[in-house]
$ cat final.txt   # compact mmCIF, N, CA and C atoms
# COMPACT_ATOMS: atom_id res chain seq x y z
N MET A 553 -20.58 -2.91 2.24
CA MET A 553 -20.67 -2.24 0.96
C MET A 553 -19.95 -3.04 -0.11
N ALA A 554 -18.72 -2.70 -0.41
CA ALA A 554 -18.01 -3.31 -1.52
C ALA A 554 -17.05 -4.40 -1.07
N ARG A 555 -17.08 -4.74 0.19
CA ARG A 555 -16.13 -5.73 0.71
C ARG A 555 -16.22 -7.04 -0.06
N GLY A 556 -17.41 -7.41 -0.48
CA GLY A 556 -17.60 -8.66 -1.18
C GLY A 556 -17.31 -8.59 -2.67
N GLU A 557 -17.02 -7.41 -3.16
CA GLU A 557 -16.70 -7.27 -4.58
C GLU A 557 -15.49 -8.13 -4.92
N PRO A 558 -15.61 -8.97 -5.94
CA PRO A 558 -14.47 -9.82 -6.31
C PRO A 558 -13.21 -9.02 -6.61
N SER A 559 -13.36 -7.89 -7.28
CA SER A 559 -12.18 -7.09 -7.62
C SER A 559 -11.51 -6.53 -6.36
N PHE A 560 -12.29 -6.28 -5.31
CA PHE A 560 -11.71 -5.77 -4.07
C PHE A 560 -11.11 -6.89 -3.24
N ARG A 561 -11.73 -8.05 -3.24
CA ARG A 561 -11.20 -9.18 -2.47
C ARG A 561 -9.78 -9.50 -2.91
N ASP A 562 -9.52 -9.36 -4.19
CA ASP A 562 -8.19 -9.65 -4.71
C ASP A 562 -7.14 -8.63 -4.24
N LEU A 563 -7.59 -7.50 -3.75
CA LEU A 563 -6.67 -6.42 -3.38
C LEU A 563 -6.37 -6.36 -1.89
N ILE A 564 -6.98 -7.20 -1.11
CA ILE A 564 -6.79 -7.15 0.34
C ILE A 564 -5.32 -7.33 0.72
N ASP A 565 -4.65 -8.28 0.12
CA ASP A 565 -3.24 -8.50 0.46
C ASP A 565 -2.38 -7.31 0.06
N LEU A 566 -2.74 -6.65 -1.05
CA LEU A 566 -1.99 -5.46 -1.46
C LEU A 566 -2.14 -4.36 -0.41
N GLY A 567 -3.36 -4.18 0.07
CA GLY A 567 -3.61 -3.19 1.11
C GLY A 567 -2.87 -3.50 2.40
N LYS A 568 -2.84 -4.76 2.76
CA LYS A 568 -2.12 -5.17 3.97
C LYS A 568 -0.63 -4.86 3.85
N GLU A 569 -0.08 -5.11 2.68
CA GLU A 569 1.34 -4.82 2.46
C GLU A 569 1.60 -3.32 2.56
N LEU A 570 0.74 -2.51 1.96
CA LEU A 570 0.91 -1.06 2.04
C LEU A 570 0.78 -0.58 3.49
N ASP A 571 -0.12 -1.17 4.22
CA ASP A 571 -0.33 -0.79 5.61
C ASP A 571 0.93 -0.99 6.44
N ARG A 572 1.69 -2.01 6.12
CA ARG A 572 2.94 -2.29 6.86
C ARG A 572 3.94 -1.15 6.73
N HIS A 573 3.85 -0.39 5.66
CA HIS A 573 4.85 0.65 5.39
C HIS A 573 4.40 2.04 5.81
N TYR A 574 3.15 2.21 6.12
CA TYR A 574 2.60 3.55 6.36
C TYR A 574 3.29 4.29 7.51
N ILE A 575 3.30 3.72 8.68
CA ILE A 575 3.83 4.44 9.84
C ILE A 575 5.35 4.54 9.80
N GLY A 576 6.01 3.43 9.49
CA GLY A 576 7.47 3.43 9.50
C GLY A 576 8.09 4.42 8.53
N ALA A 577 7.49 4.57 7.37
CA ALA A 577 8.03 5.48 6.37
C ALA A 577 7.68 6.94 6.68
N ARG A 578 6.66 7.13 7.46
CA ARG A 578 6.16 8.48 7.72
C ARG A 578 6.84 9.17 8.90
N TYR A 579 7.22 8.41 9.89
CA TYR A 579 7.77 9.00 11.11
C TYR A 579 9.25 8.65 11.26
N PRO A 580 10.11 9.67 11.29
CA PRO A 580 11.56 9.44 11.30
C PRO A 580 12.08 8.68 12.51
N ASN A 581 11.39 8.71 13.62
CA ASN A 581 11.89 8.01 14.81
C ASN A 581 11.20 6.67 15.05
N PHE A 582 10.50 6.16 14.07
CA PHE A 582 9.80 4.88 14.22
C PHE A 582 10.78 3.72 14.36
N TYR A 583 11.83 3.73 13.54
CA TYR A 583 12.83 2.65 13.59
C TYR A 583 13.89 2.99 14.63
N PRO A 584 14.15 2.09 15.57
CA PRO A 584 15.10 2.38 16.64
C PRO A 584 16.54 2.53 16.16
N ALA A 585 16.88 1.93 15.03
CA ALA A 585 18.28 1.94 14.58
C ALA A 585 18.55 2.93 13.45
N GLY A 586 17.66 3.87 13.21
CA GLY A 586 17.95 4.84 12.17
C GLY A 586 16.73 5.33 11.43
N ALA A 587 16.99 6.21 10.49
CA ALA A 587 15.93 6.84 9.71
C ALA A 587 15.31 5.85 8.71
N PRO A 588 14.06 6.10 8.33
CA PRO A 588 13.37 5.19 7.40
C PRO A 588 14.11 4.95 6.08
N TYR A 589 14.81 5.96 5.58
CA TYR A 589 15.47 5.78 4.29
C TYR A 589 16.49 4.64 4.31
N ARG A 590 16.95 4.26 5.48
CA ARG A 590 17.90 3.15 5.59
C ARG A 590 17.22 1.79 5.39
N TYR A 591 15.91 1.76 5.49
CA TYR A 591 15.17 0.50 5.43
C TYR A 591 14.45 0.29 4.11
N TYR A 592 14.40 1.31 3.29
CA TYR A 592 13.63 1.22 2.04
C TYR A 592 14.54 1.26 0.84
N THR A 593 14.20 0.43 -0.13
CA THR A 593 14.95 0.38 -1.38
C THR A 593 14.05 0.86 -2.51
N GLU A 594 14.64 1.09 -3.64
CA GLU A 594 13.85 1.48 -4.81
C GLU A 594 12.86 0.37 -5.17
N GLU A 595 13.28 -0.87 -5.03
CA GLU A 595 12.41 -2.00 -5.33
C GLU A 595 11.15 -2.00 -4.44
N ILE A 596 11.34 -1.77 -3.16
CA ILE A 596 10.19 -1.72 -2.24
C ILE A 596 9.28 -0.56 -2.61
N ALA A 597 9.87 0.59 -2.90
CA ALA A 597 9.07 1.77 -3.26
C ALA A 597 8.26 1.51 -4.53
N ARG A 598 8.89 0.94 -5.53
CA ARG A 598 8.18 0.65 -6.79
C ARG A 598 7.05 -0.36 -6.57
N ARG A 599 7.29 -1.36 -5.76
CA ARG A 599 6.26 -2.35 -5.48
C ARG A 599 5.06 -1.68 -4.78
N CYS A 600 5.34 -0.82 -3.82
CA CYS A 600 4.26 -0.13 -3.11
C CYS A 600 3.47 0.78 -4.05
N VAL A 601 4.15 1.46 -4.94
CA VAL A 601 3.47 2.31 -5.91
C VAL A 601 2.59 1.46 -6.83
N ARG A 602 3.07 0.32 -7.25
CA ARG A 602 2.27 -0.60 -8.10
C ARG A 602 1.02 -1.06 -7.36
N TYR A 603 1.19 -1.43 -6.10
CA TYR A 603 0.05 -1.89 -5.31
C TYR A 603 -0.97 -0.77 -5.14
N ALA A 604 -0.50 0.42 -4.84
CA ALA A 604 -1.42 1.56 -4.67
C ALA A 604 -2.15 1.86 -5.97
N ALA A 605 -1.45 1.78 -7.09
CA ALA A 605 -2.08 2.03 -8.40
C ALA A 605 -3.14 0.98 -8.70
N SER A 606 -2.89 -0.26 -8.34
CA SER A 606 -3.87 -1.33 -8.55
C SER A 606 -5.13 -1.08 -7.73
N ILE A 607 -4.95 -0.68 -6.49
CA ILE A 607 -6.09 -0.40 -5.62
C ILE A 607 -6.87 0.79 -6.15
N LEU A 608 -6.18 1.85 -6.51
CA LEU A 608 -6.83 3.04 -7.03
C LEU A 608 -7.61 2.74 -8.30
N SER A 609 -7.04 1.95 -9.17
CA SER A 609 -7.71 1.57 -10.41
C SER A 609 -9.00 0.81 -10.13
N ALA A 610 -8.96 -0.12 -9.20
CA ALA A 610 -10.15 -0.90 -8.85
C ALA A 610 -11.24 -0.01 -8.26
N VAL A 611 -10.85 0.93 -7.42
CA VAL A 611 -11.82 1.84 -6.81
C VAL A 611 -12.45 2.73 -7.87
N ARG A 612 -11.64 3.24 -8.78
CA ARG A 612 -12.17 4.08 -9.86
C ARG A 612 -13.18 3.31 -10.71
N LYS A 613 -12.86 2.07 -11.04
CA LYS A 613 -13.79 1.24 -11.83
C LYS A 613 -15.09 1.02 -11.07
N PHE A 614 -14.98 0.80 -9.77
CA PHE A 614 -16.16 0.57 -8.95
C PHE A 614 -17.04 1.83 -8.91
N ILE A 615 -16.43 2.98 -8.77
CA ILE A 615 -17.18 4.24 -8.69
C ILE A 615 -17.91 4.53 -10.00
N LYS A 616 -17.30 4.17 -11.12
CA LYS A 616 -17.92 4.44 -12.43
C LYS A 616 -19.18 3.62 -12.65
N ARG A 617 -19.35 2.52 -11.93
CA ARG A 617 -20.54 1.69 -12.14
C ARG A 617 -21.77 2.29 -11.59

$ encode --input "final.txt" --output "structure tokens"
Amino acid sequence: MARGEPSFRDLIDLGKELDRHYIGARYPNFYPAGAPYRYYTEEIARRCVRYAASILSAVRKFIKR
């Protein structure tokens, strides 16, 4: 479908980065040495929100076409 869309190809790395955080941040016992909040900083959270916003924006533009 849209995999070949240039605007989506540019977002693959952003999605991969978000994917790295999905399970660890969601499940409290994922990290053996403590709760997820010990591993996340405000900088990481802001970066993930930016990446998600970029992906959402691209999808919205694609849907409008």

$ atom_distance --input "final.txt" --atom1 "CA of Tyr592 (chain A)" --atom2 "CA of Gly576 (chain A)"
9.9 Å

$ atom_distance --input "final.txt" --atom1 "CA of Lys613 (chain A)" --atom2 "atom N of Glu594 (chain A)"
29.6 Å

$ atom_distance --input "final.txt" --atom1 "atom N of Ser559 (chain A)" --atom2 "atom C of Ser609 (chain A)"
10.1 Å

$ residues_around --input "final.txt" --residues "Glu569 (chain A)" --least-positions-apart "2" --cutoff "12 Å" --atoms "only C-alpha atoms" --output "PDB file with N, CA and C atoms, in the frame of the given file"
ATOM      1  N   LEU A 563      -7.590  -7.500  -3.750  1.00  0.00           N
ATOM      2  CA  LEU A 563      -6.670  -6.420  -3.380  1.00  0.00           C
ATOM      3  C   LEU A 563      -6.370  -6.360  -1.890  1.00  0.00           C
ATOM      4  N   ILE A 564      -6.980  -7.200  -1.110  1.00  0.00           N
ATOM      5  CA  ILE A 564      -6.790  -7.150   0.340  1.00  0.00           C
ATOM      6  C   ILE A 564      -5.320  -7.330   0.720  1.00  0.00           C
ATOM      7  N   ASP A 565      -4.650  -8.280   0.120  1.00  0.00           N
ATOM      8  CA  ASP A 565      -3.240  -8.500   0.460  1.00  0.00           C
ATOM      9  C   ASP A 565      -2.380  -7.310   0.060  1.00  0.00           C
ATOM     10  N   LEU A 566      -2.740  -6.650  -1.050  1.00  0.00           N
ATOM     11  CA  LEU A 566      -1.990  -5.460  -1.460  1.00  0.00           C
ATOM     12  C   LEU A 566      -2.140  -4.360  -0.410  1.00  0.00           C
ATOM     13  N   GLY A 567      -3.360  -4.180   0.070  1.00  0.00           N
ATOM     14  CA  GLY A 567      -3.610  -3.190   1.110  1.00  0.00           C
ATOM     15  C   GLY A 567      -2.870  -3.500   2.400  1.00  0.00           C
ATOM     16  N   ASP A 571      -0.120  -1.170   4.220  1.00  0.00           N
ATOM     17  CA  ASP A 571      -0.330  -0.790   5.610  1.00  0.00           C
ATOM     18  C   ASP A 571       0.930  -0.990   6.440  1.00  0.00           C
ATOM     19  N   ARG A 572       1.690  -2.010   6.120  1.00  0.00           N
ATOM     20  CA  ARG A 572       2.940  -2.290   6.860  1.00  0.00           C
ATOM     21  C   ARG A 572       3.940  -1.150   6.730  1.00  0.00           C
ATOM     22  N   HIS A 573       3.850  -0.390   5.660  1.00  0.00           N
ATOM     23  CA  HIS A 573       4.850   0.650   5.390  1.00  0.00           C
ATOM     24  C   HIS A 573       4.400   2.040   5.810  1.00  0.00           C
ATOM     25  N   TYR A 574       3.150   2.210   6.120  1.00  0.00           N
ATOM     26  CA  TYR A 574       2.600   3.550   6.360  1.00  0.00           C
ATOM     27  C   TYR A 574       3.290   4.290   7.510  1.00  0.00           C
ATOM     28  N   ILE A 596      11.340  -1.770  -3.160  1.00  0.00           N
ATOM     29  CA  ILE A 596      10.190  -1.720  -2.240  1.00  0.00           C
ATOM     30  C   ILE A 596       9.280  -0.560  -2.610  1.00  0.00           C
ATOM     31  N   ALA A 597       9.870   0.590  -2.900  1.00  0.00           N
ATOM     32  CA  ALA A 597       9.070   1.770  -3.260  1.00  0.00           C
ATOM     33  C   ALA A 597       8.260   1.510  -4.530  1.00  0.00           C
ATOM     34  N   ARG A 599       7.290  -1.360  -5.760  1.00  0.00           N
ATOM     35  CA  ARG A 599       6.260  -2.350  -5.480  1.00  0.00           C
ATOM     36  C   ARG A 599       5.060  -1.680  -4.780  1.00  0.00           C
ATOM     37  N   CYS A 600       5.340  -0.820  -3.820  1.00  0.00           N
ATOM     38  CA  CYS A 600       4.260  -0.130  -3.110  1.00  0.00           C
ATOM     39  C   CYS A 600       3.470   0.780  -4.050  1.00  0.00           C
ATOM     40  N   VAL A 601       4.150   1.460  -4.940  1.00  0.00           N
ATOM     41  CA  VAL A 601       3.470   2.310  -5.910  1.00  0.00           C
ATOM     42  C   VAL A 601       2.590   1.460  -6.830  1.00  0.00           C
ATOM     43  N   ARG A 602       3.070   0.320  -7.250  1.00  0.00           N
ATOM     44  CA  ARG A 602       2.270  -0.600  -8.100  1.00  0.00           C
ATOM     45  C   ARG A 602       1.020  -1.060  -7.360  1.00  0.00           C
ATOM     46  N   TYR A 603       1.190  -1.430  -6.100  1.00  0.00           N
ATOM     47  CA  TYR A 603       0.050  -1.890  -5.310  1.00  0.00           C
ATOM     48  C   TYR A 603      -0.970  -0.770  -5.140  1.00  0.00           C
ATOM     49  N   ALA A 604      -0.500   0.420  -4.840  1.00  0.00           N
ATOM     50  CA  ALA A 604      -1.420   1.560  -4.670  1.00  0.00           C
ATOM     51  C   ALA A 604      -2.150   1.860  -5.970  1.00  0.00           C
ATOM     52  N   ILE A 607      -4.950  -0.680  -6.490  1.00  0.00           N
ATOM     53  CA  ILE A 607      -6.090  -0.400  -5.620  1.00  0.00           C
ATOM     54  C   ILE A 607      -6.870   0.790  -6.150  1.00  0.00           C
TER      55      ILE A 607
END

$ decode --input "final.txt" --residues "chain A" --atoms "C-alpha atoms" --output "compact mmCIF listing (two decimals), in the first residue's frame"
# COMPACT_ATOMS: atom_id res chain seq x y z
CA MET A 553 0.00 0.00 0.00
CA ALA A 554 1.81 3.10 1.23
CA ARG A 555 5.14 1.49 2.06
CA GLY A 556 6.70 3.06 -1.02
CA GLU A 557 5.40 6.52 -0.23
CA PRO A 558 8.40 8.84 0.04
CA SER A 559 6.93 10.58 3.08
CA PHE A 560 6.54 7.21 4.83
CA ARG A 561 9.99 5.91 3.88
CA ASP A 562 11.48 8.84 5.76
CA LEU A 563 9.60 7.81 8.90
CA ILE A 564 10.75 4.20 9.17
CA ASP A 565 13.62 5.01 11.52
CA LEU A 566 11.28 7.07 13.72
CA GLY A 567 8.93 4.11 13.99
CA LYS A 568 11.79 1.76 14.82
CA GLU A 569 12.90 4.07 17.62
CA LEU A 570 9.37 4.24 19.05
CA ASP A 571 9.09 0.47 18.83
CA ARG A 572 12.13 0.11 21.10
CA HIS A 573 10.27 1.91 23.88
CA TYR A 574 6.84 0.31 23.61
CA ILE A 575 7.18 -2.79 25.78
CA GLY A 576 9.73 -1.52 28.29
CA ALA A 577 7.74 1.57 29.17
CA ARG A 578 4.45 -0.30 29.33
CA TYR A 579 5.29 -3.21 31.63
CA PRO A 580 6.73 -2.47 35.09
CA ASN A 581 8.66 -5.74 35.35
CA PHE A 582 10.29 -5.57 31.91
CA TYR A 583 13.56 -4.14 33.23
CA PRO A 584 15.34 -6.52 35.62
CA ALA A 585 16.91 -3.73 37.69
CA GLY A 586 13.88 -1.58 38.38
CA ALA A 587 10.81 0.24 37.17
CA PRO A 588 10.68 1.90 33.73
CA TYR A 589 10.69 5.42 35.19
CA ARG A 590 14.32 4.85 36.19
CA TYR A 591 15.30 4.42 32.54
CA TYR A 592 13.43 7.30 30.93
CA THR A 593 14.26 10.96 30.95
CA GLU A 594 12.26 13.97 29.89
CA GLU A 595 14.52 14.25 26.83
CA ILE A 596 13.69 10.70 25.72
CA ALA A 597 9.98 11.29 26.29
CA ARG A 598 9.99 14.53 24.29
CA ARG A 599 11.88 12.88 21.44
CA CYS A 600 9.37 10.02 21.32
CA VAL A 601 6.45 12.45 21.31
CA ARG A 602 8.07 14.37 18.42
CA TYR A 603 8.56 11.17 16.46
CA ALA A 604 4.98 10.07 17.05
CA ALA A 605 3.69 13.50 15.99
CA SER A 606 5.72 13.33 12.78
CA ILE A 607 4.32 9.91 11.94
CA LEU A 608 0.76 10.97 12.75
CA SER A 609 1.10 14.08 10.61
CA ALA A 610 2.33 12.06 7.62
CA VAL A 611 -0.53 9.57 7.98
CA ARG A 612 -3.10 12.36 8.19
CA LYS A 613 -1.71 13.96 5.03
CA PHE A 614 -1.81 10.61 3.26
CA ILE A 615 -5.43 9.98 4.27
CA LYS A 616 -6.53 13.41 3.01
CA ARG A 617 -5.34 12.58 -0.52
